[in-house]
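Engineer: Below is data_33.cif; it holds mmCIF, C-alpha atoms.
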data_start
#
loop_
_atom_site.label_atom_id
_atom_site.label_comp_id
_atom_site.auth_asym_id
_atom_site.auth_seq_id
_atom_site.Cartn_x
_atom_site.Cartn_y
_atom_site.Cartn_z
CA MET A 19 77.62 111.10 156.84
CA ASN A 20 78.97 113.16 159.71
CA TRP A 21 78.77 116.90 160.06
CA SER A 22 82.49 117.67 159.96
CA ASP A 23 82.73 115.94 156.57
CA PHE A 24 79.74 117.96 155.50
CA PHE A 25 81.30 121.27 156.52
CA SER A 26 84.71 120.44 155.01
CA MET A 27 83.11 119.71 151.59
CA GLY A 28 86.01 117.47 150.62
CA GLY A 29 88.48 120.30 151.33
CA TYR A 30 86.50 122.87 149.35
CA GLY A 31 84.54 124.14 152.36
CA PHE A 32 85.93 127.68 152.20
CA TYR A 33 84.88 128.10 148.57
CA VAL A 34 81.51 126.37 148.80
CA TRP A 35 80.41 128.04 152.06
CA GLY A 36 81.94 131.34 150.97
CA SER A 37 79.70 131.24 147.89
CA TYR A 38 76.53 130.41 149.79
CA LEU A 39 77.32 132.91 152.53
CA THR A 40 77.77 135.63 149.90
CA ALA A 41 74.40 134.78 148.37
CA LEU A 42 72.76 134.75 151.81
CA VAL A 43 74.25 138.11 152.83
CA VAL A 44 73.37 139.79 149.52
CA MET A 45 69.80 138.48 149.31
CA GLY A 46 69.16 138.80 153.05
CA GLY A 47 70.55 142.34 152.92
CA GLU A 48 68.27 143.15 150.02
CA VAL A 49 65.21 142.00 151.99
CA VAL A 50 66.22 143.92 155.16
CA LEU A 51 66.98 147.15 153.29
CA LEU A 52 63.74 146.93 151.35
CA MET A 53 61.74 146.44 154.56
CA ARG A 54 63.39 149.56 156.00
CA ARG A 55 62.68 151.53 152.84
CA ASN A 56 59.09 150.34 152.96
CA ARG A 57 58.68 151.53 156.55
CA SER A 58 60.14 154.93 155.78
CA CYS A 59 58.00 155.58 152.69
CA LYS A 60 54.87 154.52 154.53
CA ARG A 61 55.81 156.98 157.27
CA ILE A 62 56.13 159.81 154.71
CA ASN A 63 52.58 159.11 153.69
CA ARG A 64 51.22 159.13 157.17
CA GLU A 65 53.03 162.31 158.16
CA ARG A 66 51.69 164.24 155.22
CA ASP A 67 48.16 164.37 156.52
CA MET B 19 37.91 141.72 133.59
CA ASN B 20 39.72 144.78 132.37
CA TRP B 21 43.45 144.16 132.65
CA TYR B 22 44.37 147.64 131.47
CA LYS B 23 43.02 148.86 134.78
CA TYR B 24 46.15 147.46 136.44
CA ALA B 25 48.41 149.64 134.29
CA SER B 26 47.58 152.48 136.66
CA PRO B 27 49.65 152.67 139.85
CA SER B 28 46.56 153.25 142.02
CA ALA B 29 44.98 149.95 140.94
CA PHE B 30 48.24 148.02 140.87
CA TYR B 31 49.40 149.03 144.36
CA PRO B 32 46.88 146.91 146.35
CA LEU B 33 47.05 144.05 143.81
CA ALA B 34 50.84 143.84 144.17
CA GLY B 35 50.44 143.75 147.95
CA LYS B 36 48.10 140.77 147.71
CA LEU B 37 50.37 138.92 145.26
CA ILE B 38 53.62 139.14 147.26
CA PRO B 39 52.99 136.24 149.71
CA TRP B 40 51.96 133.97 146.81
CA PHE B 41 55.50 134.30 145.47
CA ALA B 42 57.50 134.76 148.67
CA ILE B 43 56.27 131.63 150.46
CA PRO B 44 56.79 129.20 147.52
CA ALA B 45 60.22 130.83 147.02
CA ALA B 46 61.22 129.99 150.60
CA ILE B 47 59.98 126.40 150.21
CA LEU B 48 61.81 125.91 146.90
CA PHE B 49 65.04 127.35 148.33
CA ALA B 50 64.85 124.77 151.13
CA VAL B 51 64.03 121.86 148.78
CA GLY B 52 66.67 122.86 146.20
CA LEU B 53 69.42 123.25 148.80
CA TYR B 54 68.45 119.94 150.40
CA ILE B 55 68.73 118.12 147.05
CA GLY B 56 71.91 120.02 146.18
CA PHE B 57 73.72 119.15 149.40
CA PHE B 58 72.22 115.83 150.54
CA VAL B 59 70.96 114.03 147.42
CA ALA B 60 73.27 115.10 144.57
CA PRO B 61 76.44 112.97 144.52
CA THR B 62 80.00 114.30 144.69
CA ASP B 63 81.36 115.08 141.22
CA PHE B 64 84.10 112.70 140.08
CA GLN B 65 86.20 115.53 138.59
CA GLN B 66 85.56 118.55 140.77
CA GLY B 67 84.73 116.93 144.10
CA ASP B 68 82.34 119.00 146.18
CA ALA B 69 83.46 122.33 144.70
CA TYR B 70 80.91 121.86 141.92
CA ARG B 71 78.10 122.45 144.46
CA ILE B 72 78.77 126.18 143.96
CA MET B 73 77.01 125.64 140.62
CA PHE B 74 73.59 125.40 142.32
CA ILE B 75 73.73 129.07 143.25
CA HIS B 76 76.17 130.35 140.60
CA VAL B 77 74.19 129.26 137.52
CA PRO B 78 70.72 130.43 138.69
CA ALA B 79 72.22 133.78 139.81
CA ALA B 80 73.94 134.26 136.44
CA TRP B 81 70.75 133.43 134.55
CA MET B 82 68.69 135.77 136.72
CA GLY B 83 71.16 138.57 136.11
CA MET B 84 70.62 138.20 132.35
CA PHE B 85 66.84 137.55 132.42
CA LEU B 86 66.17 140.49 134.71
CA TYR B 87 68.23 142.78 132.50
CA VAL B 88 66.15 141.89 129.43
CA LEU B 89 62.97 142.32 131.47
CA MET B 90 64.18 145.67 132.81
CA ALA B 91 64.99 146.91 129.29
CA PHE B 92 61.59 145.67 128.08
CA TYR B 93 59.68 147.58 130.78
CA ALA B 94 61.88 150.64 130.41
CA GLY B 95 61.23 150.62 126.63
CA LEU B 96 57.49 150.09 127.17
CA GLY B 97 57.36 152.99 129.62
CA TRP B 98 59.22 155.19 127.17
CA ALA B 99 57.23 154.23 124.06
CA PHE B 100 53.74 154.40 125.62
CA ASN B 101 54.45 156.95 128.31
CA ALA B 102 53.34 154.36 130.87
CA ARG B 103 54.78 155.41 134.21
CA LEU B 104 54.07 152.11 135.97
CA SER B 105 56.23 150.28 133.40
CA SER B 106 59.10 152.68 134.03
CA MET B 107 58.72 152.19 137.78
CA MET B 108 58.85 148.43 137.19
CA ALA B 109 62.14 148.85 135.32
CA SER B 110 63.59 150.78 138.27
CA ALA B 111 62.33 148.11 140.68
CA LEU B 112 63.99 145.34 138.64
CA ALA B 113 67.39 147.03 138.36
CA ILE B 114 68.60 146.52 141.94
CA THR B 115 67.61 142.85 142.10
CA GLY B 116 69.22 142.18 138.71
CA ALA B 117 72.41 143.93 139.79
CA LEU B 118 72.57 141.90 143.01
CA PHE B 119 72.12 138.59 141.18
CA THR B 120 74.89 139.60 138.77
CA LEU B 121 77.09 140.44 141.76
CA ILE B 122 76.33 137.02 143.30
CA SER B 123 77.21 135.28 140.04
CA LEU B 124 80.56 137.12 139.83
CA VAL B 125 81.52 136.46 143.46
CA THR B 126 80.45 132.80 143.44
CA GLY B 127 82.23 132.43 140.09
CA ALA B 128 85.44 133.67 141.72
CA PHE B 129 84.94 131.21 144.60
CA TRP B 130 84.52 128.45 142.02
CA GLY B 131 87.37 129.58 139.79
CA LYS B 132 90.00 129.61 142.55
CA PRO B 133 89.92 125.85 143.35
CA THR B 134 89.17 124.64 139.80
CA TRP B 135 91.19 127.03 137.60
CA GLY B 136 93.67 128.26 140.19
CA THR B 137 92.62 131.90 139.83
CA TRP B 138 89.88 134.14 141.23
CA TRP B 139 89.50 136.10 138.03
CA VAL B 140 90.62 136.17 134.40
CA TRP B 141 89.61 138.64 131.72
CA ASP B 142 87.95 136.06 129.54
CA ALA B 143 84.95 136.93 127.36
CA ARG B 144 82.26 135.52 129.64
CA MET B 145 83.53 137.09 132.83
CA THR B 146 84.33 140.43 131.24
CA SER B 147 80.90 140.67 129.60
CA THR B 148 79.23 139.73 132.91
CA LEU B 149 81.20 142.49 134.65
CA ILE B 150 79.95 144.88 131.95
CA LEU B 151 76.40 143.70 132.75
CA LEU B 152 76.95 144.73 136.37
CA PHE B 153 78.25 148.11 135.22
CA LEU B 154 75.18 148.57 132.99
CA TYR B 155 72.91 147.95 135.98
CA VAL B 156 74.94 150.33 138.14
CA GLY B 157 74.91 152.88 135.32
CA PHE B 158 71.12 152.59 134.98
CA ILE B 159 70.58 153.01 138.73
CA SER B 160 72.97 155.95 139.09
CA LEU B 161 71.70 157.68 135.95
CA GLN B 162 68.13 157.50 137.24
CA SER B 163 69.07 158.76 140.68
CA ALA B 164 71.09 161.63 139.19
CA ILE B 165 68.08 163.14 137.38
CA ASP B 166 65.51 164.90 139.55
CA ASP B 167 62.53 164.80 137.21
CA PRO B 168 61.28 161.18 137.37
CA ARG B 169 59.91 161.03 133.83
CA ARG B 170 63.15 162.38 132.37
CA ALA B 171 65.08 159.91 134.50
CA ASP B 172 62.86 157.12 133.09
CA ARG B 173 63.58 158.15 129.50
CA ALA B 174 67.33 158.46 130.02
CA GLY B 175 67.37 155.08 131.80
CA ALA B 176 65.38 153.50 128.96
CA VAL B 177 67.94 154.58 126.37
CA LEU B 178 70.79 153.15 128.44
CA ALA B 179 68.90 149.92 129.19
CA LEU B 180 67.93 149.33 125.55
CA VAL B 181 71.40 150.01 124.19
CA GLY B 182 72.86 147.67 126.83
CA VAL B 183 70.62 144.76 125.80
CA ILE B 184 73.20 143.94 123.11
CA ASN B 185 75.45 142.73 125.94
CA VAL B 186 73.08 139.89 126.94
CA PRO B 187 73.51 137.72 123.80
CA ILE B 188 77.23 138.51 123.99
CA ILE B 189 77.35 136.99 127.48
CA TYR B 190 75.24 134.02 126.42
CA PHE B 191 77.21 133.14 123.29
CA SER B 192 80.63 134.25 124.58
CA VAL B 193 81.62 130.68 125.39
CA GLN B 194 80.96 129.66 121.78
CA TRP B 195 82.29 132.71 119.98
CA TRP B 196 85.57 132.99 121.84
CA ASN B 197 87.97 130.55 123.35
CA THR B 198 87.19 131.13 127.01
CA LEU B 199 88.46 129.65 130.24
CA HIS B 200 84.83 129.56 131.34
CA GLN B 201 83.19 126.26 130.46
CA GLY B 202 80.42 125.97 127.87
CA ALA B 203 76.72 125.71 128.62
CA THR B 204 75.71 122.77 130.81
CA ILE B 205 72.06 122.95 129.81
CA ARG B 206 71.00 123.36 126.21
CA ILE B 207 67.38 123.38 125.21
CA LEU B 208 67.57 120.74 122.47
CA ASN B 209 70.30 118.53 123.89
CA LYS B 210 70.23 116.06 126.69
CA PRO B 211 71.74 117.61 129.82
CA THR B 212 75.25 116.49 130.57
CA ILE B 213 74.89 116.30 134.33
CA ALA B 214 73.32 113.78 136.73
CA PRO B 215 69.54 114.16 137.31
CA PRO B 216 69.73 115.23 141.00
CA MET B 217 72.30 117.91 140.09
CA LEU B 218 70.02 119.19 137.35
CA ALA B 219 67.00 119.04 139.67
CA ALA B 220 68.75 121.05 142.40
CA MET B 221 69.81 123.69 139.90
CA LEU B 222 66.39 124.04 138.27
CA ILE B 223 64.57 124.14 141.62
CA LEU B 224 66.91 126.89 142.84
CA LEU B 225 66.37 128.73 139.55
CA ALA B 226 62.61 128.58 140.16
CA ALA B 227 63.19 129.77 143.73
CA CYS B 228 65.25 132.71 142.47
CA TRP B 229 62.49 133.62 140.01
CA LEU B 230 59.81 133.58 142.72
CA TYR B 231 62.09 135.51 145.08
CA SER B 232 62.70 138.10 142.35
CA ILE B 233 59.00 138.52 141.62
CA ALA B 234 58.16 138.95 145.31
CA ILE B 235 60.94 141.40 146.04
CA VAL B 236 60.43 143.41 142.84
CA LEU B 237 56.69 143.75 143.60
CA ALA B 238 57.54 144.91 147.11
CA ARG B 239 60.05 147.45 145.78
CA LEU B 240 57.58 148.58 143.12
CA ARG B 241 55.07 149.35 145.89
CA CYS B 242 57.70 151.50 147.61
CA ILE B 243 58.51 153.31 144.38
CA ILE B 244 54.80 153.92 143.78
CA LEU B 245 54.44 155.42 147.26
CA GLU B 246 57.52 157.58 146.85
CA ARG B 247 56.63 158.88 143.41
CA GLU B 248 52.89 159.25 143.67
CA GLN B 249 52.85 160.99 147.05
CA ASN B 250 51.16 164.10 145.76
CA THR B 251 48.72 162.56 143.32
CA ALA B 252 44.98 162.63 143.85
CA TRP B 253 44.48 158.92 144.52
CA MET B 254 46.97 158.88 147.35
CA ILE B 255 45.77 162.07 148.97
CA GLU B 256 42.18 160.83 148.85
CA GLY B 257 43.20 157.39 150.06
CA ALA B 258 45.03 158.82 153.04
CA ALA B 259 42.28 161.25 153.97
#
How would this structure read if it were set down as structure tokens?
Structural biologist:
Amino acid sequence: MNWSDFFSMGGYGFYVWGSYLTALVVMGGEVVLLMRRNRSCKRINRERD
Amino acid sequence: MNWYKYASPSAFYPLAGKLIPWFAIPAAILFAVGLYIGFFVAPTDFQQGDAYRIMFIHVPAAWMGMFLYVLMAFYAGLGWAFNARLSSMMASALAITGALFTLISLVTGAFWGKPTWGTWWVWDARMTSTLILLFLYVGFISLQSAIDDPRRADRAGAVLALVGVINVPIIYFSVQWWNTLHQGATIRILNKPTIAPPMLAAMLILLAACWLYSIAIVLARLRCIILEREQNTAWMIEGAA
């Protein structure tokens, strides 16, 4: 199997990769935003004392 | 061992921190294994070609959207009935992840519908009820953020979450009750699955990965919520001193 066949997904590449890209962006975004929230709430705690 | 101890945020906070890697690392491994089987082992479908590979993310995301809603309503109800604030915080932590999985299922469904049905969206029973599920999550999140007093926000959210549970069986049985464009269930508990073993394996492994991911991220968010809400309580002030 070659890579261009793999990426074309039998002509459905746009739909298949669009789906997986959406999932990656949403879940990756969730992780990044949560890490930022975590940093900021830890900072609140430190600043209080 | 006294398990009730962990119903208090002060005891649960460090426990949750220790548990997170035990879910996050297996989740990453299972995502890799499931995607490998889904793209390199599972054969091309004779009817749908490679478009069916969207199923490996679409179906687990749709299931997670429903499971997490039921779980969220359960914890919200528990927090309301027993005045257990950690349960209510758990419900809030679950809501965002559930909403995002529902969003993924709707978007990947559109990406799957376009090549196979010729349309991104139709107002059939399954899709409409899934969109309502997303709105219920969004309603729960915005209702809670609109009320300043956290315990009142928890109670209001619990009412909304519990009333909305009725939508979950509607989504699940929609393909049987109504004549929908959406296909029926691929996996039924008592029947033999109707798809090839590697396809089923990829889907179930990614479902397990999504579960582990959800547990890890919900625990991490719960820790944030605990920090934000319990800032001025004795255990945190003593702990910081």
Engineer: Might you pull out every residue within 10 Å of range 172-179 of chain B, with all atoms listed in the file counted and same-chain residues fewer than 3 positions away left off, and present them as a PyMOL selection string?
Structural biologist: chain B and resi 87-99+101+103+105-107+109-110+113+154-155+157-163+165+167-169+182-184
Engineer: Residues near range 23-33 of chain A, anyone? I mean within 6 Å using only C-alpha atoms, not counting same-chain ones fewer than 4 positions away, as a list in words.
Structural biologist: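 Result of the neighbour search: Asp68, Ala69 and Phe129 of chain B.
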Engineer: Please check the contacts: residues of chain B at most 7 Å away from chain A, using only C-alpha atoms, listed as a PDB file with C-alpha atoms, keeping the file's coordinate frame.
Structural biologist:
ATOM      1  CA  GLY B  67      84.730 116.930 144.100  1.00  0.00           C
ATOM      2  CA  ASP B  68      82.340 119.000 146.180  1.00  0.00           C
ATOM      3  CA  ALA B  69      83.460 122.330 144.700  1.00  0.00           C
ATOM      4  CA  ARG B  71      78.100 122.450 144.460  1.00  0.00           C
ATOM      5  CA  ILE B  72      78.770 126.180 143.960  1.00  0.00           C
ATOM      6  CA  LEU B 118      72.570 141.900 143.010  1.00  0.00           C
ATOM      7  CA  ILE B 122      76.330 137.020 143.300  1.00  0.00           C
ATOM      8  CA  THR B 126      80.450 132.800 143.440  1.00  0.00           C
ATOM      9  CA  PHE B 129      84.940 131.210 144.600  1.00  0.00           C
ATOM     10  CA  TRP B 130      84.520 128.450 142.020  1.00  0.00           C
ATOM     11  CA  ARG B 239      60.050 147.450 145.780  1.00  0.00           C
ATOM     12  CA  CYS B 242      57.700 151.500 147.610  1.00  0.00           C
ATOM     13  CA  LEU B 245      54.440 155.420 147.260  1.00  0.00           C
ATOM     14  CA  GLU B 246      57.520 157.580 146.850  1.00  0.00           C
ATOM     15  CA  GLN B 249      52.850 160.990 147.050  1.00  0.00           C
TER      16      GLN B 249
END
Engineer: Name the residues captured by the PyMOL selection byres ((chain B and resi 51-54) around 10) when it is applied to the shown file; answer as a PyMOL selection string.
Structural biologist: chain B and resi 45-50+55-60+71+74-75+216-217+219-227
Engineer: Between CA of Ala80 in chain B and CA of Ala234 in chain B, what is the distance in Å, rounded to a tenth?
Structural biologist: 18.7 Å
Engineer: Enter the distance from CA of Phe41 in chain B to CA of Val236 in chain B, in Å, rounded to one decimal.
Structural biologist: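 It comes out at 10.7 Å.
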Engineer: Calculated over only C-alpha atoms, which of the candidates B:Ala42, B:Leu230, B:Pro61, B:Phe85 has the smallest distance to Pro215 in chain B?
Structural biologist: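 Looking at the shortest contact to Pro215 in chain B, the residue is B:Pro61.
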Engineer: I'd like the neighbourhood of range 196-204 of chain B as a ChimeraX atom specification, where a residue qualifies if any of its atoms comes within 9 Å (using all atoms listed in the file), though same-chain residues fewer than 2 positions away should be ignored.
Structural biologist: /B:131,135,140,142-145,190-194,206,211-213
Engineer: Could you work out an axis-aligned bounding box for all listed atoms of range 231-243 of chain B, with 4 Å added on each of the six sides, and give its centre and edge lengths in Å to one decimal, as JSON?
Structural biologist:
{"center_x": 58.9, "center_y": 144.4, "center_z": 144.6, "size_x": 15.6, "size_y": 25.8, "size_z": 14.0}
Engineer: Kindly give the distance, in Å, that separates CA of Ala25 in chain B and CA of Ala102 in chain B, rounded to a single decimal.
Structural biologist: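 Between these atoms lies a distance of 7.6 Å.
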Engineer: Given the file shown, enumerate the residues that the PyMOL selection byres ((chain B and resi 31-39) around 9) captures and present them as JSON, numbers by chain.
Structural biologist: {"B": [24, 26, 27, 28, 29, 30, 40, 41, 42, 43, 44, 233, 234, 235, 237, 238, 240, 241, 244, 245]}
